[in-house]
Structures are given as structure tokens and as C-alpha cells.
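Asks: Pasting query-v6.pdb here (PDB, C-alpha atoms, pLDDT in the B column):
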```
MODEL        1
ATOM      1  CA  ASN L 498      -3.211  -1.155 -68.356  1.00 48.00           C
ATOM      2  CA  ASP L 499      -5.431   0.185 -65.561  1.00 49.00           C
ATOM      3  CA  GLU L 500      -7.814  -2.771 -65.850  1.00 49.00           C
ATOM      4  CA  ASP L 501      -5.011  -5.162 -64.873  1.00 51.00           C
ATOM      5  CA  ASN L 502      -4.277  -3.298 -61.634  1.00 55.00           C
ATOM      6  CA  VAL L 503      -5.775  -4.616 -58.403  1.00 53.00           C
ATOM      7  CA  ILE L 504      -6.809  -1.833 -56.016  1.00 52.00           C
ATOM      8  CA  LEU L 505      -7.275  -3.020 -52.447  1.00 53.00           C
ATOM      9  CA  PRO L 506      -9.579  -1.068 -50.108  1.00 51.00           C
ATOM     10  CA  LYS L 507      -8.167   0.441 -46.953  1.00 51.00           C
ATOM     11  CA  ASN L 508      -9.959  -2.066 -44.742  1.00 51.00           C
ATOM     12  CA  SER L 509      -8.108  -4.935 -46.454  1.00 50.00           C
ATOM     13  CA  ILE L 510      -4.967  -4.200 -44.398  1.00 47.00           C
ATOM     14  CA  PRO L 511      -4.451  -7.252 -42.147  1.00 51.00           C
ATOM     15  CA  GLU L 512      -5.411  -6.803 -38.522  1.00 55.00           C
ATOM     16  CA  GLU L 513      -3.362  -8.074 -35.610  1.00 59.00           C
ATOM     17  CA  ASP L 514      -5.571 -11.125 -35.131  1.00 70.00           C
ATOM     18  CA  ALA L 515      -5.870 -11.876 -38.853  1.00 78.00           C
ATOM     19  CA  PRO L 516      -4.415 -15.242 -39.965  1.00 83.00           C
ATOM     20  CA  PRO L 517      -1.113 -15.133 -41.886  1.00 88.00           C
ATOM     21  CA  VAL L 518      -1.244 -15.349 -45.683  1.00 89.00           C
ATOM     22  CA  LEU L 519       1.321 -16.914 -48.039  1.00 89.00           C
ATOM     23  CA  LEU L 520       1.048 -16.461 -51.819  1.00 90.00           C
ATOM     24  CA  VAL L 521       3.244 -18.705 -53.980  1.00 90.00           C
ATOM     25  CA  LEU L 522       3.755 -18.203 -57.731  1.00 88.00           C
ATOM     26  CA  LEU L 523       5.850 -21.094 -59.104  1.00 88.00           C
ATOM     27  CA  PRO L 524       7.172 -21.411 -62.660  1.00 90.00           C
ATOM     28  CA  THR L 525       7.964 -24.818 -64.146  1.00 88.00           C
ATOM     29  CA  HIS L 526      11.655 -25.625 -64.651  1.00 85.00           C
ATOM     30  CA  HIS L 527      13.207 -28.307 -66.911  1.00 82.00           C
ATOM     31  CA  GLY L 528      11.234 -31.537 -66.969  1.00 81.00           C
ATOM     32  CA  GLY L 529       8.668 -30.297 -64.465  1.00 84.00           C
ATOM     33  CA  SER L 530      11.255 -29.652 -61.718  1.00 87.00           C
ATOM     34  CA  TRP L 531      11.194 -26.779 -59.253  1.00 88.00           C
ATOM     35  CA  PRO L 532      13.126 -23.612 -60.166  1.00 89.00           C
ATOM     36  CA  PRO L 533      16.490 -23.394 -58.325  1.00 89.00           C
ATOM     37  CA  PRO L 534      15.496 -20.459 -56.036  1.00 88.00           C
ATOM     38  CA  ALA L 535      12.500 -22.465 -54.784  1.00 88.00           C
ATOM     39  CA  MET L 536      14.263 -25.778 -54.165  1.00 88.00           C
ATOM     40  CA  CYS L 537      14.725 -24.918 -50.488  1.00 90.00           C
ATOM     41  CA  LEU L 538      10.936 -24.660 -50.161  1.00 89.00           C
ATOM     42  CA  GLU L 539      10.507 -27.982 -51.965  1.00 89.00           C
ATOM     43  CA  SER L 540      12.977 -29.644 -49.601  1.00 89.00           C
ATOM     44  CA  ALA L 541      11.319 -28.165 -46.494  1.00 88.00           C
ATOM     45  CA  LEU L 542       7.840 -29.273 -47.589  1.00 89.00           C
ATOM     46  CA  GLN L 543       9.050 -32.798 -48.331  1.00 88.00           C
ATOM     47  CA  ASP L 544      10.769 -33.040 -44.939  1.00 88.00           C
ATOM     48  CA  LEU L 545       7.659 -31.860 -43.087  1.00 86.00           C
ATOM     49  CA  CYS L 546       5.371 -34.229 -44.985  1.00 88.00           C
ATOM     50  CA  ASN L 547       7.615 -37.286 -44.557  1.00 87.00           C
ATOM     51  CA  ASP L 548       8.948 -36.769 -41.014  1.00 83.00           C
ATOM     52  CA  TRP L 549       7.057 -39.218 -38.766  1.00 81.00           C
ATOM     53  CA  ARG L 550       8.128 -37.290 -35.663  1.00 82.00           C
ATOM     54  CA  ILE L 551       5.991 -34.289 -36.625  1.00 80.00           C
ATOM     55  CA  ALA L 552       2.295 -34.330 -35.730  1.00 79.00           C
ATOM     56  CA  LYS L 553      -0.242 -34.425 -38.545  1.00 83.00           C
ATOM     57  CA  HIS L 554      -1.404 -31.077 -39.920  1.00 85.00           C
ATOM     58  CA  PRO L 555       1.210 -28.932 -38.091  1.00 85.00           C
ATOM     59  CA  LEU L 556       0.122 -25.766 -39.930  1.00 86.00           C
ATOM     60  CA  LYS L 557      -3.526 -26.045 -38.884  1.00 85.00           C
ATOM     61  CA  SER L 558      -3.028 -24.300 -35.539  1.00 85.00           C
ATOM     62  CA  SER L 559      -1.255 -21.375 -37.233  1.00 84.00           C
ATOM     63  CA  ARG L 560      -4.368 -20.672 -39.393  1.00 87.00           C
ATOM     64  CA  LEU L 561      -1.999 -20.111 -42.316  1.00 89.00           C
ATOM     65  CA  GLN L 562      -3.812 -19.319 -45.585  1.00 91.00           C
ATOM     66  CA  VAL L 563      -1.929 -20.323 -48.740  1.00 91.00           C
ATOM     67  CA  GLY L 564      -2.588 -19.430 -52.357  1.00 90.00           C
ATOM     68  CA  VAL L 565      -0.638 -21.239 -55.095  1.00 92.00           C
ATOM     69  CA  MET L 566      -0.485 -20.526 -58.832  1.00 92.00           C
ATOM     70  CA  GLY L 567       1.743 -22.167 -61.434  1.00 90.00           C
ATOM     71  CA  MET L 568       3.281 -21.112 -64.743  1.00 89.00           C
ATOM     72  CA  GLY L 569       4.588 -23.280 -67.554  1.00 87.00           C
ATOM     73  CA  CYS L 570       4.469 -24.130 -71.235  1.00 85.00           C
ATOM     74  CA  SER L 571       2.559 -27.101 -72.637  1.00 82.00           C
ATOM     75  CA  ASP L 572       4.949 -27.270 -75.610  1.00 78.00           C
ATOM     76  CA  TYR L 573       7.375 -29.166 -73.345  1.00 73.00           C
ATOM     77  CA  GLY L 574       4.819 -31.788 -72.345  1.00 68.00           C
ATOM     78  CA  ASP L 575       1.407 -31.504 -70.742  1.00 64.00           C
ATOM     79  CA  GLU L 576       2.282 -33.643 -67.724  1.00 76.00           C
ATOM     80  CA  SER L 577       5.110 -31.375 -66.587  1.00 80.00           C
ATOM     81  CA  VAL L 578       3.187 -28.082 -66.865  1.00 85.00           C
ATOM     82  CA  GLY L 579       2.652 -26.590 -63.410  1.00 86.00           C
ATOM     83  CA  LYS L 580       4.010 -29.665 -61.597  1.00 88.00           C
ATOM     84  CA  PRO L 581       5.869 -27.632 -58.907  1.00 90.00           C
ATOM     85  CA  ALA L 582       2.715 -25.636 -58.138  1.00 89.00           C
ATOM     86  CA  LYS L 583       0.589 -28.802 -57.962  1.00 91.00           C
ATOM     87  CA  ASP L 584       3.110 -30.452 -55.639  1.00 92.00           C
ATOM     88  CA  ALA L 585       3.261 -27.368 -53.408  1.00 91.00           C
ATOM     89  CA  PHE L 586      -0.540 -27.150 -53.257  1.00 93.00           C
ATOM     90  CA  ALA L 587      -0.811 -30.824 -52.235  1.00 92.00           C
ATOM     91  CA  SER L 588       1.957 -30.472 -49.623  1.00 91.00           C
ATOM     92  CA  PHE L 589       0.522 -27.362 -47.967  1.00 92.00           C
ATOM     93  CA  ARG L 590      -2.922 -28.961 -47.847  1.00 90.00           C
ATOM     94  CA  GLN L 591      -1.444 -32.139 -46.310  1.00 90.00           C
ATOM     95  CA  LEU L 592       0.250 -30.021 -43.640  1.00 90.00           C
ATOM     96  CA  GLY L 593      -3.087 -28.469 -42.639  1.00 90.00           C
ATOM     97  CA  ALA L 594      -2.901 -25.030 -44.245  1.00 90.00           C
ATOM     98  CA  THR L 595      -6.114 -23.361 -45.418  1.00 90.00           C
ATOM     99  CA  MET L 596      -5.932 -23.290 -49.208  1.00 91.00           C
ATOM    100  CA  LEU L 597      -7.185 -20.264 -51.141  1.00 89.00           C
ATOM    101  CA  GLY L 598      -8.905 -21.930 -54.084  1.00 85.00           C
ATOM    102  CA  LYS L 599     -10.148 -25.449 -54.701  1.00 85.00           C
ATOM    103  CA  GLN L 600      -7.430 -26.281 -57.230  1.00 85.00           C
ATOM    104  CA  VAL L 601      -4.221 -24.926 -58.723  1.00 88.00           C
ATOM    105  CA  ARG L 602      -4.544 -22.446 -61.570  1.00 89.00           C
ATOM    106  CA  ILE L 603      -1.855 -22.872 -64.245  1.00 88.00           C
ATOM    107  CA  GLY L 604      -0.871 -20.197 -66.755  1.00 88.00           C
ATOM    108  CA  ASP L 605       0.224 -21.692 -70.097  1.00 86.00           C
ATOM    109  CA  ASP L 606       2.779 -19.730 -72.108  1.00 83.00           C
ATOM    110  CA  ALA L 607       1.953 -21.765 -75.207  1.00 81.00           C
ATOM    111  CA  THR L 608      -1.627 -20.434 -75.301  1.00 83.00           C
ATOM    112  CA  GLY L 609      -0.833 -17.011 -73.856  1.00 83.00           C
ATOM    113  CA  ASN L 610      -3.469 -17.200 -71.125  1.00 84.00           C
ATOM    114  CA  GLN L 611      -1.216 -16.178 -68.231  1.00 83.00           C
ATOM    115  CA  ASP L 612      -2.874 -12.791 -67.666  1.00 86.00           C
ATOM    116  CA  ARG L 613      -6.396 -14.251 -67.695  1.00 88.00           C
ATOM    117  CA  VAL L 614      -5.416 -17.036 -65.293  1.00 88.00           C
ATOM    118  CA  LEU L 615      -3.692 -14.530 -62.996  1.00 88.00           C
ATOM    119  CA  GLN L 616      -6.771 -12.276 -62.924  1.00 89.00           C
ATOM    120  CA  ALA L 617      -9.028 -15.270 -62.228  1.00 88.00           C
ATOM    121  CA  TRP L 618      -6.718 -16.361 -59.392  1.00 88.00           C
ATOM    122  CA  ILE L 619      -6.788 -12.901 -57.841  1.00 87.00           C
ATOM    123  CA  HIS L 620     -10.492 -12.115 -58.238  1.00 86.00           C
ATOM    124  CA  HIS L 621     -11.972 -15.577 -57.600  1.00 86.00           C
ATOM    125  CA  ASP L 622      -9.555 -17.335 -55.233  1.00 85.00           C
ATOM    126  CA  LEU L 623      -7.812 -14.565 -53.269  1.00 85.00           C
ATOM    127  CA  LEU L 624      -9.932 -11.415 -52.949  1.00 84.00           C
ATOM    128  CA  PRO L 625     -13.216 -13.105 -51.911  1.00 82.00           C
ATOM    129  CA  ARG L 626     -11.352 -14.771 -49.013  1.00 78.00           C
ATOM    130  CA  LEU L 627      -9.012 -11.945 -48.009  1.00 78.00           C
ATOM    131  CA  VAL L 628     -10.930  -8.696 -48.626  1.00 72.00           C
ATOM    132  CA  ARG L 629     -14.094  -7.674 -46.785  1.00 60.00           C
ATOM    133  CA  ASP L 630     -16.321  -4.730 -47.716  1.00 50.00           C
ATOM    134  CA  ASP L 631     -17.601  -2.143 -45.274  1.00 49.00           C
ATOM    135  CA  ASP L 632     -21.075  -3.380 -46.192  1.00 51.00           C
ATOM    136  CA  ASP L 633     -20.105  -6.890 -45.085  1.00 49.00           C
ATOM    137  CA  ASP L 634     -18.928  -5.524 -41.733  1.00 50.00           C
ATOM    138  CA  ASP L 635     -22.244  -3.722 -41.278  1.00 51.00           C
ATOM    139  CA  GLU L 636     -24.115  -6.935 -42.035  1.00 52.00           C
ATOM    140  CA  ASP L 637     -21.965  -8.815 -39.510  1.00 50.00           C
ATOM    141  CA  ASP L 638     -22.739  -6.207 -36.856  1.00 51.00           C
ATOM    142  CA  HIS L 639     -26.413  -6.541 -37.667  1.00 51.00           C
ATOM    143  CA  ASP L 640     -26.134 -10.320 -37.345  1.00 52.00           C
ATOM    144  CA  ASP L 641     -24.454  -9.971 -33.945  1.00 50.00           C
ATOM    145  CA  HIS L 642     -27.287  -7.796 -32.655  1.00 50.00           C
ATOM    146  CA  SER L 643     -29.891 -10.199 -33.989  1.00 48.00           C
ATOM    147  CA  HIS L 644     -28.159 -13.162 -32.326  1.00 49.00           C
ATOM    148  CA  ASN L 645     -28.091 -11.352 -28.975  1.00 51.00           C
ATOM    149  CA  LYS L 646     -31.836 -10.739 -29.083  1.00 50.00           C
ATOM    150  CA  GLU L 647     -33.828 -12.903 -26.677  1.00 50.00           C
ATOM    151  CA  PRO L 648     -36.095 -15.423 -28.469  1.00 47.00           C
ATOM    152  CA  ASP L 649     -39.836 -15.391 -27.833  1.00 52.00           C
ATOM    153  CA  VAL L 650     -40.890 -18.084 -25.363  1.00 52.00           C
ATOM    154  CA  VAL L 651     -44.453 -19.441 -25.063  1.00 50.00           C
ATOM    155  CA  ASP L 652     -45.564 -20.935 -21.757  1.00 57.00           C
ATOM    156  CA  MET L 653     -47.115 -24.386 -21.796  1.00 53.00           C
ATOM    157  CA  GLU L 654     -50.370 -22.949 -20.405  1.00 56.00           C
ATOM    158  CA  ASP L 655     -50.648 -20.555 -23.384  1.00 59.00           C
ATOM    159  CA  LEU L 656     -49.602 -23.093 -26.033  1.00 55.00           C
ATOM    160  CA  GLY L 657     -53.173 -24.231 -26.794  1.00 61.00           C
ATOM    161  CA  ARG L 658     -54.413 -20.660 -27.109  1.00 66.00           C
ATOM    162  CA  SER L 659     -51.512 -19.800 -29.448  1.00 62.00           C
ATOM    163  CA  MET L 660     -52.342 -22.777 -31.670  1.00 64.00           C
ATOM    164  CA  GLN L 661     -56.006 -21.734 -31.828  1.00 67.00           C
ATOM    165  CA  ASP L 662     -55.045 -18.177 -32.750  1.00 70.00           C
ATOM    166  CA  ALA L 663     -52.731 -19.466 -35.489  1.00 68.00           C
ATOM    167  CA  GLU L 664     -55.460 -21.704 -36.925  1.00 69.00           C
ATOM    168  CA  ALA L 665     -57.966 -18.837 -36.897  1.00 69.00           C
ATOM    169  CA  GLN L 666     -55.470 -16.622 -38.675  1.00 68.00           C
ATOM    170  CA  ASN L 667     -54.849 -19.268 -41.332  1.00 65.00           C
ATOM    171  CA  ASP L 668     -58.610 -19.731 -41.861  1.00 65.00           C
ATOM    172  CA  ALA L 669     -59.042 -15.983 -42.276  1.00 63.00           C
ATOM    173  CA  MET L 670     -56.276 -15.912 -44.882  1.00 60.00           C
ATOM    174  CA  VAL L 671     -57.859 -18.764 -46.820  1.00 55.00           C
ATOM    175  CA  LYS L 672     -61.285 -17.096 -46.810  1.00 56.00           C
ATOM    176  CA  SER L 673     -59.865 -13.748 -47.824  1.00 55.00           C
ATOM    177  CA  LYS L 674     -60.213 -12.848 -51.497  1.00 53.00           C
ATOM    178  CA  GLU L 675     -56.877 -11.059 -51.523  1.00 57.00           C
ATOM    179  CA  PRO L 676     -53.894 -13.043 -52.912  1.00 60.00           C
ATOM    180  CA  ARG L 677     -51.688 -14.624 -50.287  1.00 62.00           C
ATOM    181  CA  GLU L 678     -48.216 -13.237 -49.731  1.00 68.00           C
ATOM    182  CA  MET L 679     -45.557 -15.224 -51.557  1.00 74.00           C
ATOM    183  CA  VAL L 680     -42.859 -14.156 -49.071  1.00 76.00           C
ATOM    184  CA  THR L 681     -43.708 -15.131 -45.514  1.00 78.00           C
ATOM    185  CA  SER L 682     -42.731 -13.016 -42.525  1.00 80.00           C
ATOM    186  CA  SER L 683     -39.964 -15.451 -41.532  1.00 81.00           C
ATOM    187  CA  GLN L 684     -38.617 -15.512 -45.097  1.00 83.00           C
ATOM    188  CA  ALA L 685     -38.749 -11.716 -45.253  1.00 83.00           C
ATOM    189  CA  ALA L 686     -36.790 -11.456 -41.996  1.00 85.00           C
ATOM    190  CA  ALA L 687     -34.165 -13.887 -43.273  1.00 84.00           C
ATOM    191  CA  LEU L 688     -33.836 -12.030 -46.592  1.00 83.00           C
ATOM    192  CA  LYS L 689     -33.509  -8.644 -44.891  1.00 85.00           C
ATOM    193  CA  LYS L 690     -30.882 -10.115 -42.598  1.00 84.00           C
ATOM    194  CA  GLU L 691     -28.829 -11.087 -45.691  1.00 82.00           C
ATOM    195  CA  GLY L 692     -29.096  -7.548 -47.097  1.00 82.00           C
ATOM    196  CA  TYR L 693     -31.945  -8.070 -49.589  1.00 84.00           C
ATOM    197  CA  LYS L 694     -34.590  -5.427 -50.304  1.00 86.00           C
ATOM    198  CA  LEU L 695     -38.188  -6.642 -50.656  1.00 85.00           C
ATOM    199  CA  ILE L 696     -40.251  -5.704 -53.702  1.00 83.00           C
ATOM    200  CA  GLY L 697     -43.918  -5.970 -52.761  1.00 79.00           C
ATOM    201  CA  THR L 698     -44.669  -9.398 -51.309  1.00 77.00           C
ATOM    202  CA  HIS L 699     -43.206 -11.479 -54.109  1.00 77.00           C
ATOM    203  CA  SER L 700     -39.569 -10.568 -54.834  1.00 82.00           C
ATOM    204  CA  ALA L 701     -36.266  -9.743 -53.150  1.00 83.00           C
ATOM    205  CA  VAL L 702     -33.346  -7.889 -54.724  1.00 85.00           C
ATOM    206  CA  LYS L 703     -29.746  -7.416 -53.627  1.00 83.00           C
ATOM    207  CA  LEU L 704     -26.970  -5.544 -55.424  1.00 81.00           C
ATOM    208  CA  CYS L 705     -24.035  -7.680 -56.501  1.00 82.00           C
ATOM    209  CA  ARG L 706     -20.951  -6.698 -54.523  1.00 81.00           C
ATOM    210  CA  TRP L 707     -18.973  -6.441 -57.772  1.00 84.00           C
ATOM    211  CA  THR L 708     -21.349  -3.637 -58.811  1.00 84.00           C
ATOM    212  CA  LYS L 709     -20.253  -1.657 -55.767  1.00 82.00           C
ATOM    213  CA  HIS L 710     -16.621  -2.724 -56.291  1.00 83.00           C
ATOM    214  CA  GLN L 711     -16.425  -1.279 -59.803  1.00 83.00           C
ATOM    215  CA  LEU L 712     -18.330   1.897 -58.921  1.00 85.00           C
ATOM    216  CA  ARG L 713     -15.721   2.464 -56.203  1.00 86.00           C
ATOM    217  CA  GLY L 714     -12.848   1.758 -58.605  1.00 84.00           C
ATOM    218  CA  ARG L 715     -11.843  -1.560 -57.034  1.00 82.00           C
ATOM    219  CA  GLY L 716     -12.114  -3.737 -60.137  1.00 83.00           C
ATOM    220  CA  GLY L 717     -14.852  -5.773 -61.819  1.00 83.00           C
ATOM    221  CA  CYS L 718     -15.976  -9.379 -61.866  1.00 85.00           C
ATOM    222  CA  TYR L 719     -14.946 -12.139 -64.267  1.00 83.00           C
ATOM    223  CA  LYS L 720     -17.458 -10.899 -66.872  1.00 82.00           C
ATOM    224  CA  HIS L 721     -15.545  -7.629 -67.055  1.00 81.00           C
ATOM    225  CA  THR L 722     -12.179  -9.389 -67.105  1.00 83.00           C
ATOM    226  CA  PHE L 723     -13.002 -11.958 -69.774  1.00 84.00           C
ATOM    227  CA  TYR L 724     -15.861 -10.423 -71.799  1.00 83.00           C
ATOM    228  CA  GLY L 725     -15.584  -6.668 -71.263  1.00 84.00           C
ATOM    229  CA  ILE L 726     -19.001  -6.395 -69.604  1.00 84.00           C
ATOM    230  CA  THR L 727     -19.242  -3.455 -67.210  1.00 85.00           C
ATOM    231  CA  SER L 728     -20.064  -4.941 -63.827  1.00 79.00           C
ATOM    232  CA  TYR L 729     -22.382  -2.137 -62.707  1.00 78.00           C
ATOM    233  CA  GLN L 730     -24.402  -2.492 -65.933  1.00 81.00           C
ATOM    234  CA  CYS L 731     -24.923  -6.232 -65.632  1.00 77.00           C
ATOM    235  CA  MET L 732     -28.594  -7.241 -65.333  1.00 68.00           C
ATOM    236  CA  GLU L 733     -28.076 -10.707 -63.814  1.00 65.00           C
TER     237      GLU L 733
ENDMDL
END
```
Can you turn what I pasted into C-alpha cells?
Replies:
Amino acid sequence: NDEDNVILPKNSIPEEDAPPVLLVLLPTHHGGSWPPPAMCLESALQDLCNDWRIAKHPLKSSRLQVGVMGMGCSDYGDESVGKPAKDAFASFRQLGATMLGKQVRIGDDATGNQDRVLQAWIHHDLLPRLVRDDDDDDEDDHDDHSHNKEPDVVDMEDLGRSMQDAEAQNDAMVKSKEPREMVTSSQAAALKKEGYKLIGTHSAVKLCRWTKHQLRGRGGCYKHTFYGITSYQCME
């Protein structure tokens, strides 16, 4: 199924200074235990968490990013489903790793939701943190230039005159019969900086990045995954 494939853009290839990434997909063994091939990881995590000789959060300096997903079957007991993945998530977070996702996503074989959970894990927890668009890079460059720009400075001697000019301008706007602008100049600058396009003096519009993703063949958002809504035809 082409919709299940995840197509990564060329600029998603890790750079030399990019932090390392570890993705862990753990099934649930008998009674909520770890599967035999992963027991060495379980033992290593327990040793690191319980060894008093090791400094707290030893993985923080490595900038390691960790994503964890679990698999299981609720027919064997709800408490044991995804227990290895939950334990691994808690251990990596205790050791100072940057977690991809706020909580562990668990695929349940009893309900058959593994594919939906996997797609949600990829599109909501992993890709937003690991993949950057060319448009995002352009916006970052624009931000860098704007930060380097020297701010306007008003001398103390001219402060009174500036306040009088501002008051006169406000009085003129109040007396004017034309409707006042709903988007101020500072708000307009901030919106343009974030990539929004202004409509008149009252609205700002920005294309959803998933619209551009699907037009470029890089996959759709959760509405496309779960409800079949074409991302570039969404009106939200």
C-alpha cells in the first residue's frame, strides 16, 4: 500500500552535527516481560539507572533522541500490554535522553490498531522532530537576518518629541472616518516573520505544511491517515 510508505525528503539525511537518533520498537513477551533479544538492553538500562557511581542524566550531553513504541495484545491482560516499551521509555528519560513523543504509543493486536498506531507514531512523534522542510530553512535564514538587524534607538533628548508625534498620530486615527486597521504594524511584521500572508488589514493566512507535504508526495496528516481526507483539500 503506497499510503503506508513514508517518503523522507533529501534534506532529512542527518548532518554531521545532528544529534544521534535511536528508535526502539518493543513487543511484549510472556507476562509483560522483555523479548529475549532485547534483554541485554533491559539489563543495560537497569544498570545505568541503578548505579550510584554514574552521574545523573548521563545521556543528556550526548543529545541522544529516542523514540519508543510498544506492541502487545490486551487479551493476555491489560496491565502487561506494552510494559517493556513503557519501562524503556521511563529509563531513557531518567538517563537524560530527549524523548520523541510525550508518551509511549502501544499497538494492540486484539483490536488490530497496530498500523494506525505506527502511522501516528511516525507522523506525529518522529517526523515533526526529525524532518525539516526547505521552507523551514528559508524561514530560519530570514529569522537570522532579522535578529542581526540593529534595533532603532531613540535619544533621551528626542523622547518627548517622539511621544508627542505618537499622540498626534493616534488622535488623527481616532478622528478619521476610515475604519482602523485590525492588524497593527508590529503584528503584521510578526506574522510575516512566521510565514503568514496578510489579507487586507484584518486576516492572515498560512498554508499547512502537510498541504505541501502531500503535494510533494511525502505523505499526509492524521486526517488523511485516519479519515481519508486529502490534506491539500482540507479547509481548516
Asks: Report the distance between CA of Ser558 (chain L) and CA of Val628 (chain L) in Å, rounded to one decimal place.
Replies: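 Between CA of Ser558 (chain L) and CA of Val628 (chain L) the gap is 21.8 Å.
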Asks: Could you check which of L:Val702, L:Met568, L:Cys718, L:Val614 is closest to Trp531 (chain L), using all atoms listed in the file?
Replies: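 Answer, going by the shortest atom-to-atom distance: L:Met568.
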Asks: Would you list the contacts of Asp622 (chain L) as number ranges by chain, taking every protein, DNA or RNA residue within 8 Å and counting all atoms listed in the file, but skipping same-chain residues closer than 3 positions in sequence?
Replies: L: 564, 597-598, 617-619, 625-626
Asks: CA of Leu624 (chain L) and CA of Thr727 (chain L), how far apart in Å?
Replies: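 Separation between CA of Thr727 (chain L) and CA of Leu624 (chain L): 18.8 Å.
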Asks: Mind giving me the straight-line distance from CA of Thr722 (chain L) to CA of Ala701 (chain L) in Å, one decimal?
Replies: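 If I compute the distance from CA of Thr722 (chain L) to CA of Ala701 (chain L), I get 27.8 Å.
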Asks: Excluding region 548-553 of chain L and any residue of its chain fewer than 3 positions from it, enumerate the residues within 8 Å of it, using only C-alpha atoms, and give them as a PDB file with C-alpha atoms, keeping the file's coordinate frame.
Replies:
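Generated output (part.pdb):
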```pdb
ATOM      1  CA  ASP L 544      10.769 -33.040 -44.939  1.00 88.00           C
ATOM      2  CA  LEU L 545       7.659 -31.860 -43.087  1.00 86.00           C
ATOM      3  CA  LEU L 592       0.250 -30.021 -43.640  1.00 90.00           C
ATOM      4  CA  GLY L 593      -3.087 -28.469 -42.639  1.00 90.00           C
TER       5      GLY L 593
END
```
Asks: May I ask which of the residues L:Cys570, L:Val521, L:Cys705, L:Cys731 is the closest one to Ala607 (chain L), counting only C-alpha atoms?
Replies: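 Smallest distance to Ala607 (chain L) is found for L:Cys570.
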Asks: The PyMOL selection byres ((chain L and resi 559) around 10) - which residues does that actually catch in the file I just gave you? List them as a PyMOL selection string.
Replies: chain L and resi 516-517+555-558+560-562+593-595
Asks: So what does the PyMOL selection byres ((chain L and resi 524) around 9) actually pick up in this one, as a ChimeraX atom specification?
Replies: /L:522-523,525-526,531-532,566-569,578-582
Asks: Is it possible to get the axis-aligned box enclosing region 562-575 of chain L (all listed atoms, 5 Å extra per side) as lines of an AutoDock Vina configuration file, with centre and edge lengths in Å rounded to one decimal?
Replies:
```
center_x = 1.8
center_y = -25.6
center_z = -60.6
size_x = 21.2
size_y = 22.5
size_z = 40.0
```
Asks: List the residues matched by the PyMOL selection byres ((chain L and resi 703) around 12) in the displayed structure as a ChimeraX atom specification, ordered by chain and then by residue number.
Replies: /L:688-696,700-702,704-709,732-733
Asks: Closest to Val563 (chain L) among L:Leu623, L:Gln616, L:Thr608, L:Ser728, using all atoms listed in the file?
Replies: L:Leu623
Asks: Please determine, counting only C-alpha atoms, which residue among L:Ile726, L:Leu712, L:Ala585, L:Val601 has the shortest atom-to-atom distance to Ala535 (chain L).
Replies: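 Closest to Ala535 (chain L), using only C-alpha atoms: L:Ala585.
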